[in-house]
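This is final_23.cif. It holds mmCIF, C-alpha atoms.
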data_structure
#
loop_
_atom_site.label_atom_id
_atom_site.label_comp_id
_atom_site.auth_asym_id
_atom_site.auth_seq_id
_atom_site.Cartn_x
_atom_site.Cartn_y
_atom_site.Cartn_z
CA MET A 1 198.94 37.03 -103.13
CA THR A 2 198.67 40.11 -105.31
CA ALA A 3 197.04 43.20 -103.84
CA PRO A 4 193.59 44.00 -105.24
CA THR A 5 193.74 46.58 -108.03
CA SER A 6 190.12 47.71 -108.26
CA ASP A 7 187.30 48.55 -105.87
CA ARG A 8 185.49 45.42 -106.98
CA GLU A 9 188.51 43.21 -106.23
CA ARG A 10 189.10 44.92 -102.88
CA TRP A 11 185.48 44.50 -101.79
CA ASN A 12 185.31 40.94 -103.12
CA ALA A 13 188.34 40.05 -100.98
CA ARG A 14 186.76 41.70 -97.96
CA TYR A 15 183.45 39.86 -98.36
CA ARG A 16 185.26 36.56 -98.78
CA ASN A 17 187.18 37.05 -95.53
CA GLU A 18 185.00 39.00 -93.07
CA GLU A 19 181.90 38.32 -91.06
CA PRO A 20 178.77 40.29 -91.98
CA ALA A 21 178.51 43.68 -90.25
CA GLY A 22 174.99 43.22 -88.85
CA THR A 23 171.80 45.20 -89.22
CA PRO A 24 172.37 48.94 -89.62
CA LEU A 25 171.29 50.53 -86.32
CA LEU A 26 169.44 53.38 -88.04
CA LEU A 27 167.27 50.89 -89.90
CA GLY A 28 166.59 48.75 -86.86
CA ARG A 29 165.46 51.74 -84.77
CA ASN A 30 163.36 53.42 -87.47
CA LEU A 31 161.93 50.64 -89.62
CA HIS A 32 158.38 51.57 -88.56
CA LEU A 33 158.74 54.87 -90.48
CA PHE A 34 159.48 53.24 -93.82
CA PRO A 35 156.64 52.40 -96.23
CA ARG A 36 155.37 48.85 -96.67
CA SER A 37 155.29 49.04 -100.45
CA GLY A 38 157.11 50.72 -103.31
CA LYS A 39 160.59 50.57 -104.78
CA ALA A 40 163.73 50.69 -102.65
CA ILE A 41 167.42 50.68 -103.43
CA ASP A 42 170.16 49.92 -100.94
CA VAL A 43 173.28 51.66 -102.26
CA ALA A 44 176.56 49.86 -101.54
CA GLY A 45 174.26 47.26 -100.02
CA GLY A 46 176.92 44.57 -99.71
CA ASP A 47 175.59 41.23 -98.52
CA GLY A 48 172.00 42.45 -98.47
CA GLN A 49 171.24 42.68 -94.76
CA ALA A 50 169.46 46.02 -95.01
CA GLY A 51 167.87 45.06 -98.30
CA ALA A 52 166.44 41.86 -96.83
CA ILE A 53 164.88 43.81 -93.95
CA LEU A 54 163.26 46.26 -96.35
CA ALA A 55 162.05 43.43 -98.62
CA ALA A 56 160.54 41.60 -95.65
CA ARG A 57 158.66 44.82 -94.90
CA GLY A 58 157.06 44.60 -98.35
CA LEU A 59 159.25 46.83 -100.50
CA GLU A 60 160.52 45.84 -103.94
CA VAL A 61 164.25 46.04 -103.19
CA THR A 62 167.36 46.35 -105.34
CA VAL A 63 170.69 45.84 -103.60
CA ALA A 64 173.35 47.70 -105.58
CA ASP A 65 177.04 47.05 -104.96
CA VAL A 66 180.35 46.85 -106.80
CA SER A 67 181.14 43.41 -105.31
CA ASP A 68 179.77 40.34 -107.07
CA VAL A 69 180.81 38.27 -104.02
CA ALA A 70 178.69 40.45 -101.73
CA LEU A 71 175.75 40.30 -104.12
CA GLY A 72 176.03 36.51 -104.21
CA LEU A 73 175.72 36.54 -100.41
CA ALA A 74 172.69 38.83 -100.71
CA GLU A 75 171.05 36.42 -103.15
CA GLU A 76 171.77 33.48 -100.81
CA ARG A 77 170.25 35.39 -97.86
CA ALA A 78 167.15 36.25 -99.89
CA ALA A 79 166.68 32.65 -101.05
CA ARG A 80 167.23 31.29 -97.53
CA ASN A 81 164.63 33.69 -96.13
CA ARG A 82 162.31 33.37 -99.14
CA ILE A 83 162.40 37.11 -99.74
CA PRO A 84 162.31 38.59 -103.23
CA LEU A 85 165.39 40.70 -103.83
CA THR A 86 167.05 42.05 -106.96
CA THR A 87 170.80 42.56 -107.08
CA LEU A 88 172.68 44.96 -109.31
CA GLN A 89 176.44 44.92 -109.74
CA ILE A 90 177.39 48.53 -110.38
CA ASP A 91 180.34 50.83 -109.80
CA LEU A 92 178.72 54.15 -108.95
CA VAL A 93 182.03 55.94 -109.36
CA SER A 94 181.95 55.29 -113.10
CA GLU A 95 178.36 54.28 -113.88
CA PRO A 96 175.14 56.29 -113.62
CA PHE A 97 172.86 55.87 -110.63
CA PRO A 98 169.95 53.50 -111.34
CA ALA A 99 166.97 55.50 -112.54
CA GLY A 100 164.15 56.08 -110.07
CA PRO A 101 161.98 57.27 -108.78
CA TRP A 102 162.74 55.31 -105.61
CA ASP A 103 160.37 55.35 -102.62
CA VAL A 104 163.28 54.46 -100.33
CA ILE A 105 167.01 54.94 -100.77
CA THR A 106 169.37 53.65 -98.09
CA CYS A 107 173.14 53.83 -97.90
CA PHE A 108 175.18 52.62 -94.95
CA ASN A 109 178.92 52.99 -94.46
CA TYR A 110 179.67 54.34 -97.94
CA LEU A 111 180.55 57.91 -98.82
CA ASP A 112 180.52 59.50 -102.24
CA ARG A 113 179.52 63.14 -101.83
CA SER A 114 178.57 63.38 -105.51
CA LEU A 115 175.68 60.99 -104.82
CA PHE A 116 173.87 63.30 -102.36
CA PRO A 117 172.19 65.45 -105.04
CA VAL A 118 171.45 62.28 -107.02
CA PHE A 119 169.72 60.75 -103.98
CA ALA A 120 167.45 63.81 -103.74
CA GLU A 121 166.79 63.79 -107.49
CA GLN A 122 166.01 60.07 -107.67
CA LEU A 123 163.70 59.95 -104.64
CA ALA A 124 159.99 59.85 -105.37
CA ASP A 125 157.85 62.61 -103.87
CA GLY A 126 157.29 61.57 -100.27
CA GLY A 127 160.25 59.17 -100.53
CA TRP A 128 162.58 58.31 -97.65
CA LEU A 129 166.38 58.53 -97.52
CA GLY A 130 168.23 56.68 -94.76
CA LEU A 131 171.98 57.19 -94.35
CA SER A 132 174.54 56.23 -91.75
CA ILE A 133 178.14 57.21 -92.50
CA ALA A 134 181.19 57.46 -90.26
CA THR A 135 182.64 60.89 -89.51
CA ARG A 136 186.21 62.07 -88.97
CA SER A 137 185.84 61.61 -85.21
CA ASN A 138 185.81 57.89 -85.94
CA LEU A 139 189.59 58.14 -86.47
CA GLU A 140 190.01 58.74 -82.73
CA ARG A 141 189.32 55.02 -82.18
CA HIS A 142 189.66 53.36 -85.58
CA GLN A 143 192.18 53.48 -88.44
CA HIS A 144 189.53 52.54 -90.99
CA PRO A 145 187.84 53.86 -92.92
CA SER A 146 190.47 56.41 -93.86
CA ALA A 147 189.71 60.15 -93.85
CA GLN A 148 188.76 60.26 -97.54
CA TYR A 149 185.75 58.02 -96.77
CA LEU A 150 184.57 60.00 -93.74
CA LEU A 151 182.18 62.90 -93.43
CA ASP A 152 183.39 65.98 -91.64
CA ASP A 153 181.76 66.25 -88.23
CA GLY A 154 178.48 68.13 -88.66
CA GLU A 155 178.61 67.96 -92.48
CA MET A 156 175.66 65.65 -93.24
CA PRO A 157 172.78 68.19 -92.98
CA SER A 158 174.49 70.57 -95.42
CA LEU A 159 174.55 67.79 -98.04
CA LEU A 160 170.77 67.31 -97.79
CA GLU A 161 169.43 70.87 -97.95
CA SER A 162 166.81 69.99 -100.59
CA LEU A 163 165.24 67.33 -98.35
CA SER A 164 163.28 67.55 -95.12
CA ILE A 165 165.30 66.02 -92.26
CA VAL A 166 163.10 63.91 -89.97
CA HIS A 167 165.88 62.50 -87.78
CA TYR A 168 169.53 63.45 -87.45
CA GLN A 169 171.99 62.12 -84.93
CA GLU A 170 175.75 62.22 -84.76
CA GLY A 171 177.93 60.53 -82.19
CA TRP A 172 179.35 57.24 -80.99
CA SER A 173 177.04 54.37 -81.85
CA LEU A 174 176.51 51.12 -79.98
CA ASP A 175 178.86 49.37 -82.40
CA GLY A 176 181.70 51.76 -81.43
CA ARG A 177 181.76 53.92 -84.55
CA HIS A 178 181.33 57.69 -84.71
CA THR A 179 178.59 58.14 -87.28
CA ALA A 180 176.21 60.68 -88.69
CA GLU A 181 172.83 59.18 -89.38
CA VAL A 182 169.86 60.77 -91.02
CA LEU A 183 166.35 60.01 -92.13
CA ALA A 184 165.10 62.54 -94.63
CA ARG A 185 162.09 62.90 -96.91
CA LYS A 186 161.45 64.48 -100.25
CA LEU A 187 158.31 66.54 -99.76
#
Could you rewrite the structure in this file as structure tokens?
Amino acid sequence: MTAPTSDRERWNARYRNEEPAGTPLLLGRNLHLFPRSGKAIDVAGGDGQAGAILAARGLEVTVADVSDVALGLAEERAARNRIPLTTLQIDLVSEPFPAGPWDVITCFNYLDRSLFPVFAEQLADGGWLGLSIATRSNLERHQHPSAQYLLDDGEMPSLLESLSIVHYQEGWSLDGRHTAEVLARKL
């Protein structure tokens, strides 16, 4: 078998061969803080687990991901649970971020530092940003993701200076990853 040559091919192969990751812990613990209406986008939303939770809460959700395989799984999940969900195949490395304003933006386990100012710009006034991203300490126990996809320890707050941080936590999570997680608002 030939090695994948693009991000889309790499992620398609991964979604064909791996079990879903489960509900993001940040979302599960803090869902009560999120609004019950408005527009939400789950960036690098994969198979739509977080998006489905937000849609069930009442938000109009777009799951954005580079992988058409993952988005197909998200559509199947939404249909199975009778939840309205929009999917958008997009490579945010080379394509512009979907225009907001968004009442909620979530991003779990994906790092592109150039998106942080875009998140703040595209959030609606009063909008919520929820992020959970592994840090370099994660390499103490895991080979993946590699260092280029990890935040420096303590880095997350400096990337969100234009937003009001409601919750910030960094450390080893229940799923065994060293993550930085944040809930922030645009006030």
### Task
For the structure provided, state which residues fall under the PyMOL selection byres ((chain A and resi 134) around 12), and present them as a PyMOL selection string.
chain A and resi 107-111+131-133+135-156+169-173+175-182
### Who sits within 8 Å of Ala52 in chain A, all atoms listed in the file, same chain under 6 positions skipped, as a PyMOL selection string
chain A and resi 61+74+77-78+83+85
Non-local contacts of Ala124 in chain A (10 Å; only C-alpha atoms; under 2 positions in same chain excluded) as an mmCIF file with C-alpha atoms, in the coordinates of the input:
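File written: result33.cif
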data_model
loop_
_atom_site.group_PDB
_atom_site.id
_atom_site.type_symbol
_atom_site.label_atom_id
_atom_site.label_comp_id
_atom_site.auth_asym_id
_atom_site.auth_seq_id
_atom_site.Cartn_x
_atom_site.Cartn_y
_atom_site.Cartn_z
ATOM 1 C CA GLY A 38 157.110 50.720 -103.310
ATOM 2 C CA LYS A 39 160.590 50.570 -104.780
ATOM 3 C CA GLY A 100 164.150 56.080 -110.070
ATOM 4 C CA PRO A 101 161.980 57.270 -108.780
ATOM 5 C CA TRP A 102 162.740 55.310 -105.610
ATOM 6 C CA ASP A 103 160.370 55.350 -102.620
ATOM 7 C CA VAL A 104 163.280 54.460 -100.330
ATOM 8 C CA ILE A 105 167.010 54.940 -100.770
ATOM 9 C CA PHE A 119 169.720 60.750 -103.980
ATOM 10 C CA ALA A 120 167.450 63.810 -103.740
ATOM 11 C CA GLU A 121 166.790 63.790 -107.490
ATOM 12 C CA GLN A 122 166.010 60.070 -107.670
ATOM 13 C CA GLY A 126 157.290 61.570 -100.270
ATOM 14 C CA GLY A 127 160.250 59.170 -100.530
ATOM 15 C CA TRP A 128 162.580 58.310 -97.650
ATOM 16 C CA ARG A 185 162.090 62.900 -96.910
ATOM 17 C CA LYS A 186 161.450 64.480 -100.250
ATOM 18 C CA LEU A 187 158.310 66.540 -99.760
#
### Message
Between CA of Gly45 in chain A and CA of Leu73 in chain A, what distance in Å does the model show, to one decimal?
### Response
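Atom-to-atom, CA of Gly45 in chain A to CA of Leu73 in chain A, that is 10.8 Å.
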### Task
I need the residue set behind the PyMOL selection byres ((chain A and resi 66-70) around 8) for this file; please write it as a PyMOL selection string.
chain A and resi 7-9+11-12+15-16+44+46-48+64-65+71-74+89-92
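Closest approach to Leu59 in chain A from the set A:Leu31, A:Ser162, A:Arg80, A:Glu75 is made by A:Leu31, with distances taken over all atoms listed in the file.
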